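K.L.:
So that you have it, the file is protein-v5.txt, and it contains compact mmCIF, C-alpha atoms:
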```
# COMPACT_ATOMS: atom_id res chain seq x y z
CA MET A 8 -18.96 9.85 0.84
CA ASN A 9 -20.00 7.64 3.76
CA SER A 10 -21.59 4.92 1.62
CA VAL A 11 -18.63 3.94 -0.55
CA PHE A 12 -17.81 0.26 -0.86
CA VAL A 13 -14.20 -0.58 -0.01
CA SER A 14 -12.22 -3.62 -1.12
CA ILE A 15 -9.42 -4.67 1.24
CA LEU A 16 -6.80 -6.36 -0.93
CA ILE A 17 -4.09 -8.60 0.54
CA PRO A 18 -1.29 -10.02 -1.61
CA CYS A 19 0.50 -12.87 0.17
CA TYR A 20 3.80 -14.63 -0.43
CA ASN A 21 5.35 -16.83 2.25
CA ALA A 22 3.80 -14.93 5.15
CA GLU A 23 2.38 -17.79 7.21
CA LYS A 24 3.54 -16.11 10.43
CA TRP A 25 1.64 -12.87 9.72
CA ILE A 26 -1.20 -13.49 7.25
CA ALA A 27 -3.78 -14.40 9.90
CA GLN A 28 -3.30 -11.06 11.68
CA ALA A 29 -3.54 -9.19 8.38
CA ILE A 30 -6.81 -10.93 7.46
CA GLU A 31 -8.26 -10.54 10.95
CA SER A 32 -7.41 -6.83 11.02
CA ALA A 33 -9.24 -6.46 7.70
CA LEU A 34 -12.29 -8.36 8.91
CA ALA A 35 -12.27 -6.38 12.18
CA GLN A 36 -12.59 -3.02 10.44
CA THR A 37 -15.49 -1.10 11.96
CA TYR A 38 -16.41 0.05 8.47
CA THR A 39 -19.01 -2.48 7.34
CA SER A 40 -19.37 -1.73 3.61
CA LYS A 41 -16.35 -3.80 2.63
CA GLU A 42 -15.00 -7.00 1.17
CA VAL A 43 -11.71 -8.79 1.87
CA ILE A 44 -9.82 -10.49 -0.96
CA VAL A 45 -6.52 -12.38 -0.72
CA VAL A 46 -4.29 -13.53 -3.57
CA ASP A 47 -1.68 -16.08 -2.59
CA ASP A 48 1.27 -15.58 -4.94
CA GLY A 49 2.49 -19.17 -5.04
CA SER A 50 3.62 -19.40 -1.42
CA SER A 51 5.87 -22.37 -0.59
CA ASP A 52 5.12 -22.23 3.15
CA GLN A 53 1.77 -22.79 4.90
CA SER A 54 0.29 -19.40 3.99
CA LEU A 55 -2.44 -20.92 1.83
CA SER A 56 -3.52 -23.27 4.62
CA VAL A 57 -3.91 -20.28 6.93
CA ILE A 58 -5.86 -18.33 4.30
CA LYS A 59 -8.28 -21.24 3.84
CA ARG A 60 -9.31 -20.96 7.50
CA TYR A 61 -11.23 -17.84 6.52
CA VAL A 62 -13.34 -19.40 3.75
CA GLY A 63 -16.79 -17.84 3.96
CA GLN A 64 -15.42 -14.58 5.33
CA ILE A 65 -13.10 -13.66 2.48
CA ARG A 66 -12.55 -14.37 -1.20
CA PHE A 67 -9.20 -15.79 -2.24
CA GLU A 68 -7.20 -17.08 -5.16
CA THR A 69 -3.86 -18.81 -5.50
CA SER A 70 -1.55 -18.89 -8.49
CA PRO A 71 2.09 -19.60 -9.37
CA ASN A 72 4.54 -17.04 -8.02
CA LYS A 73 4.65 -14.02 -10.33
CA GLY A 74 5.58 -11.17 -8.00
CA GLY A 75 3.89 -8.69 -5.71
CA ASN A 76 2.68 -6.23 -8.33
CA VAL A 77 1.15 -8.97 -10.47
CA ALA A 78 -0.75 -10.07 -7.36
CA ARG A 79 -1.81 -6.47 -6.65
CA ASN A 80 -3.12 -6.09 -10.20
CA ARG A 81 -5.04 -9.37 -9.95
CA LEU A 82 -6.56 -8.19 -6.69
CA LEU A 83 -7.59 -4.98 -8.42
CA GLU A 84 -9.33 -7.02 -11.13
CA LEU A 85 -11.17 -9.09 -8.53
CA SER A 86 -12.26 -6.09 -6.45
CA THR A 87 -15.72 -4.57 -6.66
CA GLY A 88 -15.17 -1.54 -4.42
CA GLU A 89 -15.05 2.07 -5.54
CA PHE A 90 -12.04 2.45 -3.25
CA VAL A 91 -9.38 -0.11 -2.40
CA GLN A 92 -7.27 -0.64 0.68
CA TYR A 93 -4.05 -2.52 -0.03
CA LEU A 94 -2.62 -4.46 2.89
CA ASP A 95 0.64 -6.38 2.64
CA ALA A 96 0.39 -9.79 4.29
CA ASP A 97 2.94 -8.96 7.00
CA ASP A 98 1.21 -5.69 7.97
CA HIS A 99 -2.09 -4.91 9.67
CA LEU A 100 -4.67 -2.17 10.20
CA LEU A 101 -6.09 -0.56 13.33
CA PRO A 102 -9.85 -1.17 13.62
CA ASP A 103 -11.10 2.33 12.67
CA LYS A 104 -8.67 2.93 9.81
CA ILE A 105 -11.17 2.72 6.96
CA THR A 106 -14.05 4.27 8.92
CA ASN A 107 -11.97 7.34 9.70
CA GLN A 108 -10.58 7.74 6.20
CA VAL A 109 -13.93 7.28 4.45
CA SER A 110 -15.41 9.96 6.75
CA VAL A 111 -13.14 12.62 5.21
CA LEU A 112 -13.22 11.55 1.55
CA HIS A 113 -14.16 14.22 -0.97
CA GLU A 114 -15.91 13.56 -4.26
CA ASP A 115 -12.71 14.31 -6.19
CA THR A 116 -10.29 12.38 -3.96
CA ASP A 117 -8.30 9.72 -5.79
CA VAL A 118 -5.67 8.98 -3.12
CA LEU A 119 -6.23 9.72 0.57
CA PHE A 120 -2.91 9.24 2.34
CA SER A 121 -1.91 9.27 6.00
CA PRO A 122 1.14 8.64 8.18
CA SER A 123 1.92 5.01 8.92
CA LEU A 124 2.89 3.33 12.17
CA LEU A 125 6.26 1.69 11.76
CA GLU A 126 6.43 -1.42 13.91
CA TYR A 127 9.77 -3.03 14.65
CA ASN A 128 9.46 -6.69 15.53
CA PHE A 129 12.86 -8.15 16.42
CA ASN A 130 13.71 -10.80 19.01
CA ASN A 131 10.11 -10.77 20.30
CA THR A 132 10.37 -7.08 21.17
CA ILE A 133 7.81 -4.81 19.53
CA THR A 134 8.15 -1.05 19.27
CA GLN A 135 6.18 1.44 17.19
CA LYS A 136 6.72 4.96 15.93
CA VAL A 137 4.72 7.25 13.66
CA LEU A 138 6.26 7.90 10.25
CA SER A 139 5.25 11.55 10.11
CA ILE A 140 4.50 13.34 6.85
CA PRO A 141 5.81 16.91 7.10
CA LEU A 142 4.34 20.08 5.69
CA PRO A 143 3.69 21.12 3.01
CA HIS A 144 1.35 18.28 2.06
CA ASP A 145 1.83 18.91 -1.65
CA PRO A 146 2.15 15.37 -3.08
CA PHE A 147 4.74 16.42 -5.68
CA ILE A 148 6.98 17.80 -2.94
CA LEU A 149 6.35 14.78 -0.74
CA LEU A 150 7.25 12.38 -3.53
CA ALA A 151 10.41 14.32 -4.32
CA ARG A 152 11.39 14.19 -0.64
CA TRP A 153 10.32 10.52 -0.41
CA TYR A 154 7.69 11.16 2.24
CA LEU A 155 4.66 9.66 0.52
CA PRO A 156 3.76 6.64 2.62
CA GLN A 157 3.89 2.87 2.30
CA THR A 158 1.23 0.96 0.35
CA GLY A 159 -1.13 0.29 3.25
CA SER A 160 -1.55 3.92 4.26
CA PRO A 161 -3.85 5.27 1.53
CA LEU A 162 -7.34 4.63 0.38
CA TRP A 163 -6.99 4.44 -3.40
CA ARG A 164 -9.79 5.09 -5.89
CA LYS A 165 -9.87 1.93 -7.99
CA GLN A 166 -10.56 3.73 -11.24
CA ALA A 167 -7.59 6.06 -10.74
CA ILE A 168 -5.22 3.07 -10.61
CA VAL A 169 -6.94 1.50 -13.61
CA ASP A 170 -6.63 4.77 -15.53
CA VAL A 171 -2.83 4.76 -15.25
CA GLY A 172 -2.43 1.10 -16.17
CA GLY A 173 -2.26 -0.47 -12.72
CA TRP A 174 0.85 -1.44 -10.82
CA LYS A 175 4.02 -1.85 -12.92
CA ASN A 176 4.46 -5.62 -13.00
CA ASP A 177 8.25 -5.62 -13.27
CA GLN A 178 8.97 -2.85 -10.74
CA PRO A 179 11.23 -4.64 -8.21
CA VAL A 180 11.37 -1.97 -5.46
CA CYS A 181 9.84 1.48 -4.75
CA GLN A 182 6.62 0.05 -6.16
CA GLU A 183 4.15 2.44 -4.55
CA HIS A 184 6.36 5.42 -5.38
CA GLU A 185 6.41 4.48 -9.05
CA LEU A 186 2.61 4.26 -8.97
CA TYR A 187 2.33 7.56 -7.08
CA LEU A 188 4.36 9.20 -9.84
CA ARG A 189 2.09 8.01 -12.64
CA LEU A 190 -1.00 9.03 -10.69
CA LEU A 191 0.38 12.52 -10.17
CA MET A 192 1.39 12.81 -13.82
CA ALA A 193 -2.17 11.84 -14.75
CA GLY A 194 -3.58 14.67 -12.63
CA LYS A 195 -5.13 12.49 -9.95
CA LYS A 196 -6.17 14.24 -6.76
CA PHE A 197 -4.27 13.51 -3.52
CA ASN A 198 -5.54 14.51 -0.08
CA TYR A 199 -3.92 14.22 3.35
CA PHE A 200 -5.45 12.82 6.56
CA GLU A 201 -3.57 13.10 9.84
CA LYS A 202 -4.32 9.81 11.63
CA ALA A 203 -1.78 6.97 11.55
CA GLU A 204 -3.77 3.73 11.54
CA SER A 205 -1.93 1.44 9.13
CA VAL A 206 0.86 -0.64 10.67
CA TYR A 207 3.94 -1.19 8.54
CA ARG A 208 5.90 -4.02 10.11
CA GLN A 209 9.66 -4.46 9.79
CA TRP A 210 10.78 -7.86 10.96
CA SER A 211 13.52 -8.97 8.58
CA GLU A 212 16.78 -7.65 7.22
CA SER A 213 16.50 -9.93 4.18
CA THR A 214 14.02 -7.96 2.08
CA LEU A 215 15.39 -6.83 -1.26
CA TRP A 216 15.41 -3.13 -0.43
CA LYS A 217 17.39 -3.78 2.76
CA LYS A 218 19.78 -6.36 1.34
CA ASP A 219 20.82 -4.24 -1.63
CA GLN A 220 20.38 -0.59 -0.81
CA SER A 221 22.36 0.52 -3.87
CA PHE A 222 19.83 -1.30 -6.05
CA THR A 223 16.98 0.44 -4.23
CA ARG A 224 18.74 3.80 -4.51
CA LYS A 225 19.12 3.31 -8.26
CA HIS A 226 15.39 2.80 -8.71
CA ARG A 227 14.59 5.71 -6.42
CA LEU A 228 16.78 7.97 -8.58
CA ILE A 229 14.98 6.78 -11.73
CA ILE A 230 11.66 7.82 -10.21
CA GLU A 231 13.04 11.14 -9.00
CA ASP A 232 14.48 11.86 -12.46
CA ARG A 233 11.14 11.11 -14.10
CA LEU A 234 9.43 13.41 -11.62
CA GLU A 235 11.90 16.22 -12.25
CA ASN A 236 11.57 15.86 -16.02
CA TYR A 237 7.78 15.93 -15.77
CA LEU A 238 7.79 19.05 -13.60
CA ASN A 239 10.20 20.80 -15.95
CA GLU A 240 8.25 19.88 -19.06
CA SER A 241 4.98 20.92 -17.43
CA GLY A 242 6.36 24.28 -16.31
CA LEU A 243 5.72 23.40 -12.68
CA MET A 244 9.31 24.05 -11.59
```
Could you quickly redo this structure as structure tokens?
P.N.:
Amino acid sequence: MNSVFVSILIPCYNAEKWIAQAIESALAQTYTSKEVIVVDDGSSDQSLSVIKRYVGQIRFETSPNKGGNVARNRLLELSTGEFVQYLDADDHLLPDKITNQVSVLHEDTDVLFSPSLLEYNFNNTITQKVLSIPLPHDPFILLARWYLPQTGSPLWRKQAIVDVGGWKNDQPVCQEHELYLRLLMAGKKFNYFEKAESVYRQWSESTLWKKDQSFTRKHRLIIEDRLENYLNESGLM
């Protein structure tokens, strides 16, 4: 599947410090059959001014702030690729990420997932480590153990996301995990690739999932309960 067109989709909210690197890492992908689209979700900082520097190289929209998953769904609507690469505005990609993943796509692949590189960026000190995905690479087991990766790791087949109704607009945390669950319940095909080439940056302790870990844990348990119920009802446990 070396000729697939890939849409790189960047939702942005108040990420003026990072959005340029995200866009430049998307434009620098060695895979040439691509487009880059940014949706600014009503940023109140200078993010939009930074985005406008790339007019002619990317497509972009801005709208009132409605939340990350609304922006991801709008990006999906704007995309023209058979596969999509989501990239949060404070993250970035290594140059060969899409080239390497497209090279191993199968005709029936709906989600191709890989380990991520976790980058800590505190007090101007940067460190990285690979967030490994252990065996077995059964996506049901990985979801139950919370090892399926962050949003920027996979290549996602656009139609697979459309088929399950897109991202859940009001999902406050664990957003990719909630989507993973619905994709698995719909019988979508997951495949594993070993290279870690998406960089997941942690630079703040003020994100919702860090500030209120009990809130995050509650939503994780809801997803895990739905998964367990599905497996029981389907006779897969």
K.L.:
Tell me which of A:Ile44, A:Ala167, A:Val137, A:Leu150 sits closest to A:Asp117, counting all atoms listed in the file.
P.N.:
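Looking only at the distances to A:Asp117, the closest residue turns out to be A:Ala167.
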K.L.:
Please determine, counting only C-alpha atoms, which residue among A:Ala35, A:Leu190, A:Val45, A:Leu112 has the shortest atom-to-atom distance to A:Cys19.
P.N.:
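Closest to A:Cys19 of all the choices is A:Val45.
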K.L.:
So how far away is atom CA of A:Gly74 from atom CA of A:Gly49, in Å?
P.N.:
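Separation between atom CA of A:Gly49 and atom CA of A:Gly74: 9.1 Å.
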K.L.:
Give me, as a PyMOL selection string, all polymer residues having an atom no more than 12 Å from A:Lys24, counting all atoms listed in the file and skipping those fewer than 5 positions away in the same chain.
P.N.:
chain A and resi 19+29-30+52-58+96-98+210
K.L.:
Given the choices A:Leu83, A:Ile168, A:Leu119, A:Met244, which gets closest to A:Lys196 if the distance is worked out from all atoms listed in the file?
P.N.:
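Going through A:Leu83, A:Ile168, A:Leu119, A:Met244 one by one, the smallest distance to A:Lys196 is for A:Leu119.
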K.L.:
Measuring between all atoms listed in the file, which one of A:Ala203, A:Leu149, A:Leu125, A:Ile133 shows the shortest distance to A:Tyr187?
P.N.:
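Closest residue, counting all atoms listed in the file: A:Leu149.
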K.L.:
Around the point (-0.5, 15.1, -1.1) in the file's coordinates, collect all residues with an atom within 10 Å, using all atoms listed in the file, and return them as a list in words.
P.N.:
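Every polymer residue passing the test: Val118, Leu119, Phe120, Ser121, Ile140, Leu142, Pro143, His144, Asp145, Pro146, Phe147, Ile148, Leu149, Leu150, Tyr154, Leu155, Leu191, Lys196, Phe197, Asn198, Tyr199 and Phe200 of chain A.
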K.L.:
Between A:Asn236, A:Ser221, A:Ser86, A:Ser110, which has the minimum distance to A:Val11 (counting only C-alpha atoms)?
P.N.:
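When distances to A:Val11 are compared using only C-alpha atoms, the smallest one comes from A:Ser110.
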K.L.:
Which of these residues is nearest to A:Asn130, using only C-alpha atoms: A:Gln220, A:Gln209, A:Gly75, A:Ile17?
P.N.:
A:Gln209
K.L.:
Between atom CA of A:His184 and atom CA of A:Arg227, measure the distance and give it in Å to one decimal.
P.N.:
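Separating atom CA of A:His184 from atom CA of A:Arg227 is a distance of 8.3 Å.
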K.L.:
Please indicate the distance in Å from atom CA of A:Asn107 to atom CA of A:Met192, rounded to one decimal place.
P.N.:
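Between these atoms lies a distance of 27.6 Å.
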K.L.:
What's the 9 Å shell around A:Ser70, counting all atoms listed in the file, without same-chain residues fewer than 3 positions away, as a VMD selection string?
P.N.:
chain A and resid 46 to 50 73 78
K.L.:
(4.8, 2.1, 8.6) in this file's frame - what residues fall within 9 Å of it? Use all atoms listed in the file and give the answer as a VMD selection string.
P.N.:
chain A and resid 98 122 to 126 135 to 138 156 to 157 159 to 160 203 205 to 209
K.L.:
Hey, what's within 9 Å of A:Glu42 if we count only C-alpha atoms and toss same-chain stuff fewer than 3 positions away? As an NGL selection string, please?
P.N.:
:A and (12-16 or 33-34 or 39 or 64-66 or 86-88)
